[in-house]
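> Provided below: run-v2.pdb, containing PDB, C-alpha atoms.
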```pdb
ATOM      1  CA  MET A  95     -53.031-151.053  -3.682  1.00  0.00           C
ATOM      2  CA  LYS A  96     -53.540-154.588  -2.444  1.00  0.00           C
ATOM      3  CA  SER A  97     -55.545-156.881  -4.695  1.00  0.00           C
ATOM      4  CA  LYS A  98     -58.739-158.396  -3.308  1.00  0.00           C
ATOM      5  CA  TYR A  99     -57.362-161.788  -4.270  1.00  0.00           C
ATOM      6  CA  SER A 100     -53.783-161.204  -3.066  1.00  0.00           C
ATOM      7  CA  LYS A 101     -53.820-164.339  -0.881  1.00  0.00           C
ATOM      8  CA  ILE A 102     -54.358-166.354  -4.058  1.00  0.00           C
ATOM      9  CA  VAL A 103     -52.385-164.455  -6.702  1.00  0.00           C
ATOM     10  CA  LYS A 104     -49.305-164.259  -4.467  1.00  0.00           C
ATOM     11  CA  HIS A 105     -48.734-167.898  -5.463  1.00  0.00           C
ATOM     12  CA  ILE A 106     -48.178-167.082  -9.144  1.00  0.00           C
ATOM     13  CA  PRO A 107     -44.361-166.736  -8.918  1.00  0.00           C
ATOM     14  CA  SER A 108     -44.067-169.971  -6.927  1.00  0.00           C
ATOM     15  CA  LEU A 109     -46.368-171.804  -9.318  1.00  0.00           C
ATOM     16  CA  GLU A 110     -44.316-170.583 -12.266  1.00  0.00           C
ATOM     17  CA  ASP A 111     -41.103-171.637 -10.556  1.00  0.00           C
ATOM     18  CA  HIS A 112     -42.028-174.948  -8.948  1.00  0.00           C
ATOM     19  CA  GLY A 113     -45.768-175.556  -9.330  1.00  0.00           C
ATOM     20  CA  HIS A 114     -45.193-179.239 -10.059  1.00  0.00           C
ATOM     21  CA  LEU A 115     -43.971-179.580  -6.460  1.00  0.00           C
ATOM     22  CA  TYR A 116     -47.124-178.101  -4.915  1.00  0.00           C
ATOM     23  CA  MET A 117     -48.813-181.510  -4.977  1.00  0.00           C
ATOM     24  CA  TYR A 118     -47.608-184.761  -6.480  1.00  0.00           C
ATOM     25  CA  TYR A 119     -47.173-188.481  -5.888  1.00  0.00           C
ATOM     26  CA  GLY A 120     -43.716-189.573  -4.886  1.00  0.00           C
ATOM     27  CA  ILE A 121     -41.075-188.887  -2.290  1.00  0.00           C
ATOM     28  CA  PRO A 122     -41.050-185.583  -0.350  1.00  0.00           C
ATOM     29  CA  TYR A 123     -38.554-183.056  -1.697  1.00  0.00           C
ATOM     30  CA  SER A 124     -38.426-181.163   1.615  1.00  0.00           C
ATOM     31  CA  GLU A 125     -39.768-181.263   5.126  1.00  0.00           C
ATOM     32  CA  GLU A 126     -42.221-178.427   4.384  1.00  0.00           C
ATOM     33  CA  CYS A 127     -45.012-180.713   3.238  1.00  0.00           C
ATOM     34  CA  ASP A 128     -47.626-183.162   4.389  1.00  0.00           C
ATOM     35  CA  VAL A 129     -47.271-186.793   3.339  1.00  0.00           C
ATOM     36  CA  TYR A 130     -50.406-188.884   2.874  1.00  0.00           C
ATOM     37  CA  GLY A 131     -49.936-192.610   2.805  1.00  0.00           C
ATOM     38  CA  ASP A 132     -47.238-194.902   4.057  1.00  0.00           C
ATOM     39  CA  ASP A 133     -46.073-196.372   0.794  1.00  0.00           C
ATOM     40  CA  GLU A 134     -42.370-197.023   0.966  1.00  0.00           C
ATOM     41  CA  GLU A 135     -42.217-197.232  -2.829  1.00  0.00           C
ATOM     42  CA  GLY A 136     -42.558-193.460  -3.147  1.00  0.00           C
ATOM     43  CA  GLU A 137     -46.210-193.353  -4.155  1.00  0.00           C
ATOM     44  CA  ASN A 138     -47.350-191.135  -1.287  1.00  0.00           C
ATOM     45  CA  LEU A 139     -49.405-188.030  -1.962  1.00  0.00           C
ATOM     46  CA  ILE A 140     -47.165-185.056  -1.189  1.00  0.00           C
ATOM     47  CA  VAL A 141     -48.858-181.726  -0.458  1.00  0.00           C
ATOM     48  CA  SER A 142     -46.608-178.742   0.150  1.00  0.00           C
ATOM     49  CA  TYR A 143     -47.499-176.157   2.748  1.00  0.00           C
ATOM     50  CA  GLU A 144     -47.719-173.663  -0.128  1.00  0.00           C
ATOM     51  CA  CYS A 145     -50.351-175.821  -1.809  1.00  0.00           C
ATOM     52  CA  ASP A 146     -52.316-176.096   1.408  1.00  0.00           C
ATOM     53  CA  ASP A 147     -52.188-172.311   1.770  1.00  0.00           C
ATOM     54  CA  LEU A 148     -53.368-171.826  -1.823  1.00  0.00           C
ATOM     55  CA  CYS A 149     -56.262-174.282  -1.495  1.00  0.00           C
ATOM     56  CA  ARG A 150     -57.396-172.698   1.760  1.00  0.00           C
ATOM     57  CA  ALA A 151     -57.210-169.210   0.237  1.00  0.00           C
ATOM     58  CA  ILE A 152     -59.347-170.285  -2.740  1.00  0.00           C
ATOM     59  CA  ALA A 153     -61.896-171.984  -0.492  1.00  0.00           C
ATOM     60  CA  ASP A 154     -62.018-169.064   1.957  1.00  0.00           C
ATOM     61  CA  GLU A 155     -62.548-166.562  -0.844  1.00  0.00           C
ATOM     62  CA  PHE A 156     -65.163-168.335  -2.946  1.00  0.00           C
ATOM     63  CA  GLN A 157     -66.859-171.232  -1.148  1.00  0.00           C
ATOM     64  CA  TYR A 158     -69.795-169.285   0.278  1.00  0.00           C
ATOM     65  CA  ASP A 159     -70.534-167.058  -2.705  1.00  0.00           C
ATOM     66  CA  TYR A 160     -70.352-169.538  -5.582  1.00  0.00           C
ATOM     67  CA  GLU A 161     -72.362-172.683  -6.160  1.00  0.00           C
ATOM     68  CA  TRP A 162     -69.617-173.958  -8.431  1.00  0.00           C
ATOM     69  CA  LEU A 163     -71.396-177.104  -9.625  1.00  0.00           C
ATOM     70  CA  ASN A 164     -74.564-175.199 -10.581  1.00  0.00           C
ATOM     71  CA  ILE A 165     -72.575-172.460 -12.329  1.00  0.00           C
ATOM     72  CA  LEU A 166     -70.567-174.949 -14.375  1.00  0.00           C
ATOM     73  CA  HIS A 167     -73.722-176.915 -15.203  1.00  0.00           C
ATOM     74  CA  ASN A 168     -75.563-173.750 -16.288  1.00  0.00           C
ATOM     75  CA  LYS A 169     -72.620-172.794 -18.509  1.00  0.00           C
ATOM     76  CA  GLN A 170     -72.654-176.344 -19.938  1.00  0.00           C
ATOM     77  CA  ILE A 171     -69.113-177.048 -18.785  1.00  0.00           C
ATOM     78  CA  LYS A 172     -68.518-180.763 -18.396  1.00  0.00           C
ATOM     79  CA  LEU A 173     -66.158-181.690 -15.567  1.00  0.00           C
ATOM     80  CA  GLU A 174     -64.538-184.456 -17.593  1.00  0.00           C
ATOM     81  CA  LYS A 175     -63.531-181.852 -20.195  1.00  0.00           C
ATOM     82  CA  VAL A 176     -62.568-179.084 -17.780  1.00  0.00           C
ATOM     83  CA  PHE A 177     -59.162-178.566 -19.391  1.00  0.00           C
ATOM     84  CA  ASP A 178     -60.832-177.808 -22.723  1.00  0.00           C
ATOM     85  CA  VAL A 179     -62.456-174.665 -21.270  1.00  0.00           C
ATOM     86  CA  ASP A 180     -60.874-171.513 -22.683  1.00  0.00           C
ATOM     87  CA  VAL A 181     -59.992-169.735 -19.447  1.00  0.00           C
ATOM     88  CA  GLU A 182     -59.230-166.409 -21.091  1.00  0.00           C
ATOM     89  CA  THR A 183     -62.794-165.957 -22.388  1.00  0.00           C
ATOM     90  CA  GLN A 184     -64.742-166.943 -19.280  1.00  0.00           C
ATOM     91  CA  ASP A 185     -66.696-164.760 -16.873  1.00  0.00           C
ATOM     92  CA  PHE A 186     -65.455-164.338 -13.320  1.00  0.00           C
ATOM     93  CA  ASP A 187     -68.095-166.684 -11.871  1.00  0.00           C
ATOM     94  CA  VAL A 188     -66.800-169.485 -14.092  1.00  0.00           C
ATOM     95  CA  ILE A 189     -63.184-168.792 -13.081  1.00  0.00           C
ATOM     96  CA  ALA A 190     -64.120-168.904  -9.378  1.00  0.00           C
ATOM     97  CA  SER A 191     -66.152-172.064  -9.950  1.00  0.00           C
ATOM     98  CA  LEU A 192     -63.318-173.782 -11.788  1.00  0.00           C
ATOM     99  CA  LEU A 193     -60.894-172.905  -8.997  1.00  0.00           C
ATOM    100  CA  LEU A 194     -63.318-174.309  -6.429  1.00  0.00           C
ATOM    101  CA  TYR A 195     -63.804-177.451  -8.504  1.00  0.00           C
ATOM    102  CA  LEU A 196     -60.059-178.048  -8.659  1.00  0.00           C
ATOM    103  CA  VAL A 197     -59.740-177.630  -4.893  1.00  0.00           C
ATOM    104  CA  VAL A 198     -62.630-180.029  -4.282  1.00  0.00           C
ATOM    105  CA  SER A 199     -61.217-182.491  -6.810  1.00  0.00           C
ATOM    106  CA  VAL A 200     -58.205-183.051  -4.563  1.00  0.00           C
ATOM    107  CA  THR A 201     -60.275-185.468  -2.504  1.00  0.00           C
ATOM    108  CA  PHE A 202     -61.497-187.702  -5.308  1.00  0.00           C
ATOM    109  CA  GLU A 203     -59.280-187.457  -8.385  1.00  0.00           C
ATOM    110  CA  ASP A 204     -56.037-185.995  -9.637  1.00  0.00           C
ATOM    111  CA  LYS A 205     -57.450-183.037 -11.580  1.00  0.00           C
ATOM    112  CA  PHE A 206     -55.662-180.617  -9.247  1.00  0.00           C
ATOM    113  CA  ILE A 207     -52.317-182.298  -9.908  1.00  0.00           C
ATOM    114  CA  ASP A 208     -53.052-182.332 -13.632  1.00  0.00           C
ATOM    115  CA  ALA A 209     -53.922-178.616 -13.469  1.00  0.00           C
ATOM    116  CA  LEU A 210     -50.594-177.914 -11.759  1.00  0.00           C
ATOM    117  CA  ASN A 211     -48.651-179.858 -14.358  1.00  0.00           C
ATOM    118  CA  ASN A 212     -50.372-178.558 -17.480  1.00  0.00           C
ATOM    119  CA  GLY A 213     -50.459-174.881 -16.416  1.00  0.00           C
ATOM    120  CA  TYR A 214     -54.250-174.692 -16.172  1.00  0.00           C
ATOM    121  CA  LEU A 215     -54.297-173.683 -12.507  1.00  0.00           C
ATOM    122  CA  ILE A 216     -51.898-170.803 -13.022  1.00  0.00           C
ATOM    123  CA  ARG A 217     -53.963-169.574 -15.997  1.00  0.00           C
ATOM    124  CA  LEU A 218     -57.062-169.504 -13.774  1.00  0.00           C
ATOM    125  CA  ILE A 219     -55.256-167.640 -11.010  1.00  0.00           C
ATOM    126  CA  LYS A 220     -53.810-165.116 -13.466  1.00  0.00           C
ATOM    127  CA  ARG A 221     -57.383-164.348 -14.578  1.00  0.00           C
ATOM    128  CA  LEU A 222     -58.136-163.153 -11.041  1.00  0.00           C
ATOM    129  CA  GLU A 223     -55.738-160.266 -11.625  1.00  0.00           C
ATOM    130  CA  TYR A 224     -57.928-159.034 -14.473  1.00  0.00           C
TER     131      TYR A 224
END
```
Please lay out the structure from this file as structure tokens.


Amino acid sequence: MKSKYSKIVKHIPSLEDHGHLYMYYGIPYSEECDVYGDDEEGENLIVSYECDDLCRAIADEFQYDYEWLNILHNKQIKLEKVFDVDVETQDFDVIASLLLYLVVSVTFEDKFIDALNNGYLIRLIKRLEY
């Protein structure tokens, strides 16, 4: 039976294997990515096609059903302390809201990259399986 969130959870093995390469600042590791910036010093934002697919899947699944900012505010979750939230004890609406927040954060801060590097994003996605 196919999971309702299969377009998102299918990324778990890749995230476990090379999640740090989904999005990062530096020099492209392959041609299967988008490069933002023209910094010859290697400080370009690199976004893999896998990362783009994951972000689109999260947005497509949750953007119309969850007012992520209101949900996080109502649950008294402060965005500056998002990584302190115990993912394993949260309701589904909080998990969806946190995923949406991380996708939105790509445009204005590096929370998404931090979530890739510290394992937070994969913990959120694993919660979708339950």

> Just the number, please: distance in Å from CA of Glu174 in chain A to CA of Leu196 in chain A, one decimal.

11.9 Å

> When you look at range 183-195 of chain A with a cut-off of 7 Å (counting all atoms listed in the file), what residues show up, excluding the ones that are within fewer than 4 positions of it in the same chain? I need them as a list of chain:residue names.

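My list of contacting residues is A:Ile152, A:Ala153, A:Phe156, A:Tyr160, A:Trp162, A:Ile165, A:Leu166, A:Ser199, A:Leu218.
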
> Could you please determine the separation between CA of Ala209 in chain A and CA of Phe177 in chain A in Å, to one decimal place?

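According to the coordinates, CA of Ala209 in chain A and CA of Phe177 in chain A are separated by 7.9 Å.
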
> Could you tell me, as a list in words, exactly which residues end up selected when the PyMOL selection byres ((chain A and resi 220) around 10) is applied to this structure?

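Output of the PyMOL selection byres ((chain A and resi 220) around 10): Ile102, Val103, His105, Ile106, Val181, Glu182, Tyr214, Leu215, Ile216, Arg217, Leu218, Ile219, Arg221, Leu222, Glu223 and Tyr224 of chain A.
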
> Please determine an axis-aligned box that encloses all atoms of range 179-186 of chain A listed in the file, with 3 Å added on each side, and express its centre and edge lengths in Å to one decimal as JSON.


```
{"center_x": -63.0, "center_y": -169.5, "center_z": -18.0, "size_x": 13.5, "size_y": 16.3, "size_z": 15.4}
```

> At a cut-off of 8 Å, using all atoms listed in the file, what residues contact Val141 in chain A? Leave out same-chain residues fewer than 3 positions from it and give the result as an mmCIF file with C-alpha atoms, keeping the file's coordinate frame.


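part.cif, freshly written:
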```
data_model
loop_
_atom_site.group_PDB
_atom_site.id
_atom_site.type_symbol
_atom_site.label_atom_id
_atom_site.label_comp_id
_atom_site.auth_asym_id
_atom_site.auth_seq_id
_atom_site.Cartn_x
_atom_site.Cartn_y
_atom_site.Cartn_z
ATOM 1 C CA TYR A 116 -47.124 -178.101 -4.915
ATOM 2 C CA MET A 117 -48.813 -181.510 -4.977
ATOM 3 C CA TYR A 118 -47.608 -184.761 -6.480
ATOM 4 C CA CYS A 127 -45.012 -180.713 3.238
ATOM 5 C CA ASP A 128 -47.626 -183.162 4.389
ATOM 6 C CA VAL A 129 -47.271 -186.793 3.339
ATOM 7 C CA CYS A 145 -50.351 -175.821 -1.809
ATOM 8 C CA ASP A 146 -52.316 -176.096 1.408
#
```

> Using the chain letters and numbering of this document, enumerate as JSON, numbers by chain the residues selected by the PyMOL selection byres ((chain A and resi 120) around 7).

{"A": [118, 119, 121, 122, 136, 137, 138, 139, 140]}

> Restricting the calculation to all atoms listed in the file: of A:Asn164, A:Thr201, A:Phe206, A:Leu173, which residue gets closest to Tyr130 in chain A?

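Nearest candidate to Tyr130 in chain A out of A:Asn164, A:Thr201, A:Phe206, A:Leu173: A:Thr201.
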
> Can you tell me how far CA of Asn168 in chain A sits from CA of Lys205 in chain A, in Å to one decimal?

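One can read the CA of Asn168 in chain A to CA of Lys205 in chain A distance as 20.9 Å.
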